[in-house]
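Okay, so here's the structure we're looking at.
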Amino acid sequence: ATFATILGEVHKLGFGYCSFGMRGPLPLASPRALWRSNYPAAWQQRYHDADYVRRDPTVALAGVSDTAVLWSDELFASCPELRAEAREFGLVHGWAQPRRDAHGVVSLLTCVRGEPPIDEAEVAAKGERLQWLSYLCHEGMLKH
């Protein structure tokens, strides 16, 4: 129910897609991870098959920063095929908000749409709401 609630809020913010991933710090060899998404099923499968999670720059950034990041060609320069394939599924403009807590749990809320691009005015208008949603996701999913 938590993800469905978040998805409703994401739609109100003007995004058709949402992904939320969370990774705990333990066990060290294979930390427990949770992922929920309404991305097209074929894209979710492709992402999994290509093991993109290991090369996704937004996932890498989530481990080291709490700063929101907008998708761009520059961001995906280390893995342009990920960016190109995501576009084929209508996942063009993304806004990723990482969160880390004192227990070492890392999460990433990503809101995505095809068009229009995300501009600075939208970031200024919706940034606080996205921060709040990422906090709500993080706290809500900790229970799972």
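Going through the structure tokens in order, the chains are called A, B, and so on, while each chain numbers its residues from 1 and the ligands are numbered from 1 in the order shown.
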Q. Taking the backbone alone, and naming residues the way the document does, which bits of stretch 24-54 of chain A are strand (DSSP E or B) by DSSP, as a PyMOL selection string?
A. chain A and resi 33-37
Using only N, CA, C and O atoms, please write the residues we just selected to a file, as an mmCIF file, in the first residue's frame.
data_model
loop_
_atom_site.group_PDB
_atom_site.id
_atom_site.type_symbol
_atom_site.label_atom_id
_atom_site.label_comp_id
_atom_site.auth_asym_id
_atom_site.auth_seq_id
_atom_site.Cartn_x
_atom_site.Cartn_y
_atom_site.Cartn_z
ATOM 1 N N ALA A 33 18.135 -6.108 -0.388
ATOM 2 C CA ALA A 33 17.647 -5.023 -1.238
ATOM 3 C C ALA A 33 16.161 -5.215 -1.519
ATOM 4 O O ALA A 33 15.653 -6.338 -1.522
ATOM 5 N N LEU A 34 15.486 -4.097 -1.754
ATOM 6 C CA LEU A 34 14.061 -4.078 -2.056
ATOM 7 C C LEU A 34 13.875 -3.093 -3.200
ATOM 8 O O LEU A 34 14.491 -2.027 -3.202
ATOM 9 N N TRP A 35 13.044 -3.446 -4.178
ATOM 10 C CA TRP A 35 12.815 -2.544 -5.304
ATOM 11 C C TRP A 35 11.365 -2.636 -5.715
ATOM 12 O O TRP A 35 10.826 -3.734 -5.870
ATOM 13 N N ARG A 36 10.731 -1.483 -5.893
ATOM 14 C CA ARG A 36 9.359 -1.394 -6.388
ATOM 15 C C ARG A 36 9.354 -0.371 -7.522
ATOM 16 O O ARG A 36 10.012 0.652 -7.435
ATOM 17 N N SER A 37 8.577 -0.669 -8.564
ATOM 18 C CA SER A 37 8.558 0.213 -9.718
ATOM 19 C C SER A 37 7.291 -0.018 -10.532
ATOM 20 O O SER A 37 6.752 -1.125 -10.535
#
Next on the checklist: I'd like the neighbourhood of A:Val105 as a list of chain:residue names, where a residue qualifies if any of its atoms comes within 12 Å (using only C-alpha atoms), though same-chain residues fewer than 6 positions away should be ignored.
Outcome noted: A:Gly21, A:Met22, A:Arg23, A:Gly24, A:Pro25, A:Leu26, A:Pro27, A:Pro31, A:Arg32, A:Ala33, A:Leu34, A:Ala62, A:Gly63, A:Val64, A:Pro98, A:Arg99, A:His138, A:Glu139, A:Met141, A:Leu142
Counting only C-alpha atoms, closest pick from A:Arg55, A:His93, A:Arg87, A:Arg113 relative to A:Asn38 is A:Arg113
| task | Might you pull out every residue within 12 Å of A:Arg46, with only C-alpha atoms counted and same-chain residues fewer than 6 positions away left off, and present them as number ranges by chain? | result | A: 39-40, 52-53, 81-82, 85-86, 88-89
Selection file, N, CA, C and O atoms, as a CSV table (one decimal), in the first residue's frame:
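Dumped everything to part.csv:
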chain,number,residue,atom,x,y,z
A,39,TYR,N,7.7,1.0,-13.8
A,39,TYR,CA,8.3,1.0,-15.1
A,39,TYR,C,7.7,-0.1,-15.9
A,39,TYR,O,7.3,-1.1,-15.4
A,40,PRO,N,7.7,0.1,-17.2
A,40,PRO,CA,7.2,-1.0,-18.1
A,40,PRO,C,7.9,-2.3,-17.7
A,40,PRO,O,9.1,-2.4,-17.5
A,52,TYR,N,22.0,-3.7,-15.0
A,52,TYR,CA,22.3,-2.3,-15.0
A,52,TYR,C,22.4,-1.7,-13.6
A,52,TYR,O,23.1,-0.7,-13.5
A,53,VAL,N,21.9,-2.3,-12.6
A,53,VAL,CA,22.0,-1.8,-11.3
A,53,VAL,C,23.5,-1.6,-10.9
A,53,VAL,O,23.8,-0.7,-10.2
A,81,GLU,N,24.4,3.3,-22.9
A,81,GLU,CA,23.4,2.3,-23.4
A,81,GLU,C,22.2,2.2,-22.5
A,81,GLU,O,21.1,2.0,-22.9
A,82,LEU,N,22.4,2.4,-21.2
A,82,LEU,CA,21.4,2.4,-20.2
A,82,LEU,C,20.4,3.6,-20.5
A,82,LEU,O,19.2,3.4,-20.6
A,85,GLU,N,18.5,2.9,-23.9
A,85,GLU,CA,17.5,1.8,-23.8
A,85,GLU,C,16.3,2.3,-23.0
A,85,GLU,O,15.2,2.0,-23.3
A,86,ALA,N,16.6,3.1,-21.9
A,86,ALA,CA,15.5,3.6,-21.1
A,86,ALA,C,14.6,4.5,-22.0
A,86,ALA,O,13.3,4.4,-21.9
A,88,GLU,N,13.9,4.2,-25.1
A,88,GLU,CA,13.1,3.4,-25.9
A,88,GLU,C,11.8,3.0,-25.2
A,88,GLU,O,10.8,2.6,-25.9
A,89,PHE,N,11.8,3.0,-23.9
A,89,PHE,CA,10.6,2.6,-23.1
A,89,PHE,C,9.9,3.8,-22.6
A,89,PHE,O,9.0,3.7,-21.7
List every residue of chain A that DSSP, applied to the backbone of this structure, assigns to helix (DSSP H, G or I), and report them as a ChimeraX atom specification. /A:2-12,41-49,52-54,57-62,80-88,120-142
Subject >> Shell of 12 Å around A:Val10, only C-alpha atoms, local chain residues under 6 positions omitted, as JSON, numbers by chain >> reply: {"A": [3, 4, 16, 17, 18, 19, 20, 37, 38, 94, 95, 109, 110, 111, 112, 113, 126, 129, 130, 131, 132, 133, 134, 137]}
Among A:Ala102, A:Ser65, A:Ser72, A:Ala96, A:Pro117 is approached most closely, using only C-alpha atoms, by A:Ser72
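In this comparison, which uses only C-alpha atoms, the residue of A:Leu136, A:Leu91, A:Leu108, A:Ala121 approaching A:Thr67 most closely is A:Leu108.
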